[in-house]
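Q: The structure under discussion is supplied below as structure tokens; questions concerning it will follow.
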Amino acid sequence: MRRKIPIKNINKCLVLFHPRSGSSWLIKILQENKNFRAGYEIFGSYQYESDSPTALEQEQLLNNFYNCKLDRSITTWNNKKGRWNSSKLDCNIYDTIVCKISPYQVIDKPFLIKFIQENKIKVICLTRKDIVRRAVSEYRSDILSQKIGTQNITKIEDNYILGSTKIEKADFFSFLDRSLAGLKDVSVMADLLAENNVNIFHLTYENLLKDTNSSLQELEDFLGSKIKIRQTEKIIKITDDNLQSSVSNYEELQEWVDEYLSIKT
């Protein structure tokens with residue numbers, strides 16, 4: 001019989017994010033460190049337009065994820081089944097367990113706040129401040145999803161799939177709206193958590209990208225868990241920060257951005 005390994009003081013963490021904010025990249029980095037047990041979107045197995053979970057189902061998912069008795073044989077979180085998968089291979093002892101949640105997925109926010117408080121879960125609030133680049137990234141990830149069924153590229157040789165993209169104005173405005181809404185949702189949720197004395201670490205995609213090592217050092221201090229491996233090649237950026245190389249009608253895009261911002265401000 002496999003020996004259970006008692007672990008004391010396991011750090012519990014949650015990444016609060018909005019789409020295209022670098023959350024998958026962050027989780028991948030943490031996964032490279034064997035002392036982390038990482039899941040992805042804990043509520044992400046549902047199609048929210050047609051198959052929204054109940055508040056009770058979300059409560060059960062959270063309990064299964066954070067409070068299941070884990071040992072070396074447990075390796076990965078199965079979103080669809082809402083449980084941990086076992087493996088015959090031994091894993092290193094972990095000290096931190098982490099997943100991510102987007103505010104729009106949460107059915108019962110008061111319960112989530114209470115759960116975070118009672119389980120002493122630390123929260124990483126991850127946002128992307130540049131709504132224009134975020135909107136272009138989501139626009140292109142949507143095209144990528146239609147082409148190959150995924151929003152993230154994980155093989156370097158597949159990086160040529162999109163090439164330069166022509167942006168349509170009406171569609172782009174809708175993605176900008178979603179950028180603002182996503183940023184606002186995370187900010188409002190973070191404020192609610194702060195008001196309830198939840199321990200929060202604020203991180204931006206821009207800082208994580210610009211100075212990955214320093215950002216992860218600050219995150220390491222916040223979590224109290226070592227992050228020895230601070231890079232990963234498992235996720236490829238689909239949109240260059242130089243938008244001229246990713247958008248074929250870049251000059252038109254600049255005009256639309258000015259128009260959009262004048263309307264919103």
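Residue numbering restarts at 1 for every chain of the structure tokens, chains are lettered A, B, ... in their displayed order, and ligands are numbered from 1 as they appear.
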Enumerate the residues of segment 1-214 of chain A with a DSSP assignment of alpha helix (DSSP H), computed from the backbone, and present them as JSON, numbers by chain.
A: {"A": [23, 24, 25, 26, 27, 28, 29, 30, 31, 55, 56, 57, 58, 59, 60, 61, 62, 63, 64, 65, 66, 67, 109, 110, 111, 112, 113, 114, 115, 116, 117, 118, 131, 132, 133, 134, 135, 136, 137, 138, 139, 140, 141, 142, 143, 144, 145, 146, 147, 148, 169, 170, 171, 172, 173, 174, 175, 176, 177, 178, 179, 180, 181, 182, 183, 184, 185, 186, 187, 188, 189, 190, 191, 192, 193, 194, 195, 205, 206, 207, 208, 209, 210, 212, 213, 214]}
Q: Would you list the contacts of Asn33 of chain A as a PyMOL selection string, taking every protein, DNA or RNA residue within 7 Å and counting only C-alpha atoms, but skipping same-chain residues closer than 2 positions in sequence?
A: chain A and resi 30-31+35-36+227-229
Q: Output N, CA and C atoms for every residue in the selection just made, as a CSV table (one decimal), in the first residue's frame.
A:
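Output (selection-v9.csv):
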```csv
chain,number,residue,atom,x,y,z
A,30,LEU,N,4.6,27.8,-12.6
A,30,LEU,CA,4.5,27.2,-11.3
A,30,LEU,C,4.6,25.6,-11.4
A,31,GLN,N,4.0,25.1,-12.4
A,31,GLN,CA,4.0,23.6,-12.6
A,31,GLN,C,5.4,23.1,-12.8
A,35,ASN,N,7.3,21.4,-6.2
A,35,ASN,CA,6.7,21.6,-4.9
A,35,ASN,C,5.3,22.3,-5.1
A,36,PHE,N,4.9,22.5,-6.3
A,36,PHE,CA,3.6,23.1,-6.6
A,36,PHE,C,2.6,22.0,-7.1
A,227,ILE,N,10.2,29.2,-5.7
A,227,ILE,CA,10.0,29.1,-7.1
A,227,ILE,C,11.4,29.1,-7.8
A,228,LYS,N,12.0,27.9,-7.8
A,228,LYS,CA,13.3,27.8,-8.3
A,228,LYS,C,13.4,27.9,-9.8
A,229,ILE,N,12.4,27.2,-10.5
A,229,ILE,CA,12.4,27.3,-12.0
A,229,ILE,C,11.4,28.4,-12.4
```
Q: Residues within 9 Å of segment 176-182 of chain A, please, as a PyMOL selection string. Count only C-alpha atoms; anything in the same chain fewer than 5 positions from it doesn't count.
A: chain A and resi 17-20+102-104+127-128+130-132+134-136+138+171+187+257+260
Q: I need the chosen residues saved as a PDB file, in the first residue's frame, with N, CA and C atoms.
A:
```
ATOM      1  N   PHE A  17      -8.187  36.032 -12.181  1.00  0.00           N
ATOM      2  CA  PHE A  17      -7.700  36.512 -13.472  1.00  0.00           C
ATOM      3  C   PHE A  17      -8.844  36.875 -14.402  1.00  0.00           C
ATOM      4  N   HIS A  18      -8.519  37.553 -15.493  1.00  0.00           N
ATOM      5  CA  HIS A  18      -9.433  37.697 -16.625  1.00  0.00           C
ATOM      6  C   HIS A  18      -8.722  37.134 -17.852  1.00  0.00           C
ATOM      7  N   PRO A  19      -9.454  36.712 -18.887  1.00  0.00           N
ATOM      8  CA  PRO A  19      -8.823  36.066 -20.049  1.00  0.00           C
ATOM      9  C   PRO A  19      -7.732  36.914 -20.690  1.00  0.00           C
ATOM     10  N   ARG A  20      -6.710  36.248 -21.213  1.00  0.00           N
ATOM     11  CA  ARG A  20      -5.566  36.838 -21.906  1.00  0.00           C
ATOM     12  C   ARG A  20      -4.746  37.741 -20.991  1.00  0.00           C
ATOM     13  N   SER A 102     -11.852  32.928 -12.755  1.00  0.00           N
ATOM     14  CA  SER A 102     -12.244  34.228 -13.293  1.00  0.00           C
ATOM     15  C   SER A 102     -13.565  34.643 -12.644  1.00  0.00           C
ATOM     16  N   PRO A 103     -13.727  35.893 -12.243  1.00  0.00           N
ATOM     17  CA  PRO A 103     -14.924  36.311 -11.505  1.00  0.00           C
ATOM     18  C   PRO A 103     -16.244  35.975 -12.185  1.00  0.00           C
ATOM     19  N   TYR A 104     -16.274  36.010 -13.530  1.00  0.00           N
ATOM     20  CA  TYR A 104     -17.543  35.750 -14.211  1.00  0.00           C
ATOM     21  C   TYR A 104     -18.009  34.316 -14.008  1.00  0.00           C
ATOM     22  N   THR A 127      -3.836  40.896 -13.583  1.00  0.00           N
ATOM     23  CA  THR A 127      -4.549  41.716 -14.569  1.00  0.00           C
ATOM     24  C   THR A 127      -3.599  42.146 -15.687  1.00  0.00           C
ATOM     25  N   ARG A 128      -4.208  42.541 -16.791  1.00  0.00           N
ATOM     26  CA  ARG A 128      -3.455  43.082 -17.918  1.00  0.00           C
ATOM     27  C   ARG A 128      -3.965  44.483 -18.187  1.00  0.00           C
ATOM     28  N   ASP A 130      -2.956  46.918 -20.381  1.00  0.00           N
ATOM     29  CA  ASP A 130      -3.046  47.400 -21.769  1.00  0.00           C
ATOM     30  C   ASP A 130      -4.219  46.705 -22.449  1.00  0.00           C
ATOM     31  N   ILE A 131      -5.383  47.372 -22.439  1.00  0.00           N
ATOM     32  CA  ILE A 131      -6.591  46.733 -22.961  1.00  0.00           C
ATOM     33  C   ILE A 131      -6.546  46.557 -24.478  1.00  0.00           C
ATOM     34  N   VAL A 132      -5.759  47.382 -25.177  1.00  0.00           N
ATOM     35  CA  VAL A 132      -5.684  47.270 -26.638  1.00  0.00           C
ATOM     36  C   VAL A 132      -4.942  45.991 -27.028  1.00  0.00           C
ATOM     37  N   ARG A 134      -4.421  43.470 -25.161  1.00  0.00           N
ATOM     38  CA  ARG A 134      -5.198  42.349 -24.645  1.00  0.00           C
ATOM     39  C   ARG A 134      -6.327  41.995 -25.614  1.00  0.00           C
ATOM     40  N   ALA A 135      -7.008  43.023 -26.143  1.00  0.00           N
ATOM     41  CA  ALA A 135      -8.113  42.798 -27.078  1.00  0.00           C
ATOM     42  C   ALA A 135      -7.620  42.151 -28.371  1.00  0.00           C
ATOM     43  N   VAL A 136      -6.479  42.624 -28.874  1.00  0.00           N
ATOM     44  CA  VAL A 136      -5.911  42.023 -30.086  1.00  0.00           C
ATOM     45  C   VAL A 136      -5.526  40.568 -29.813  1.00  0.00           C
ATOM     46  N   GLU A 138      -6.858  38.519 -27.614  1.00  0.00           N
ATOM     47  CA  GLU A 138      -8.058  37.684 -27.524  1.00  0.00           C
ATOM     48  C   GLU A 138      -8.696  37.497 -28.902  1.00  0.00           C
ATOM     49  N   ASP A 171     -15.978  43.878 -34.601  1.00  0.00           N
ATOM     50  CA  ASP A 171     -15.526  42.784 -33.744  1.00  0.00           C
ATOM     51  C   ASP A 171     -14.497  43.276 -32.740  1.00  0.00           C
ATOM     52  N   SER A 187     -10.965  43.680 -10.659  1.00  0.00           N
ATOM     53  CA  SER A 187     -10.701  44.761  -9.702  1.00  0.00           C
ATOM     54  C   SER A 187     -11.770  44.816  -8.615  1.00  0.00           C
ATOM     55  N   VAL A 257      -8.808  52.720 -32.188  1.00  0.00           N
ATOM     56  CA  VAL A 257      -8.507  52.822 -30.755  1.00  0.00           C
ATOM     57  C   VAL A 257      -8.775  54.235 -30.262  1.00  0.00           C
ATOM     58  N   TYR A 260     -12.489  54.683 -30.075  1.00  0.00           N
ATOM     59  CA  TYR A 260     -13.078  53.934 -28.953  1.00  0.00           C
ATOM     60  C   TYR A 260     -12.811  54.633 -27.635  1.00  0.00           C
TER      61      TYR A 260
END
```
Q: Interatomic distance between atom CA of Glu118 of chain A and atom CA of Ser225 of chain A?
A: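 Those two atoms sit 20.5 Å apart.
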Q: To one decimal in Å, tell me the separation between atom CA of Asn196 of chain A and atom CA of Arg83 of chain A.
A: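 The value is 28.6 Å.
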Q: If we count only C-alpha atoms, what is near Asp241 of chain A at a cut-off of 9 Å, once residues fewer than 4 positions away on the same chain are taken out, given as a PyMOL selection string?
A: chain A and resi 133+245-246
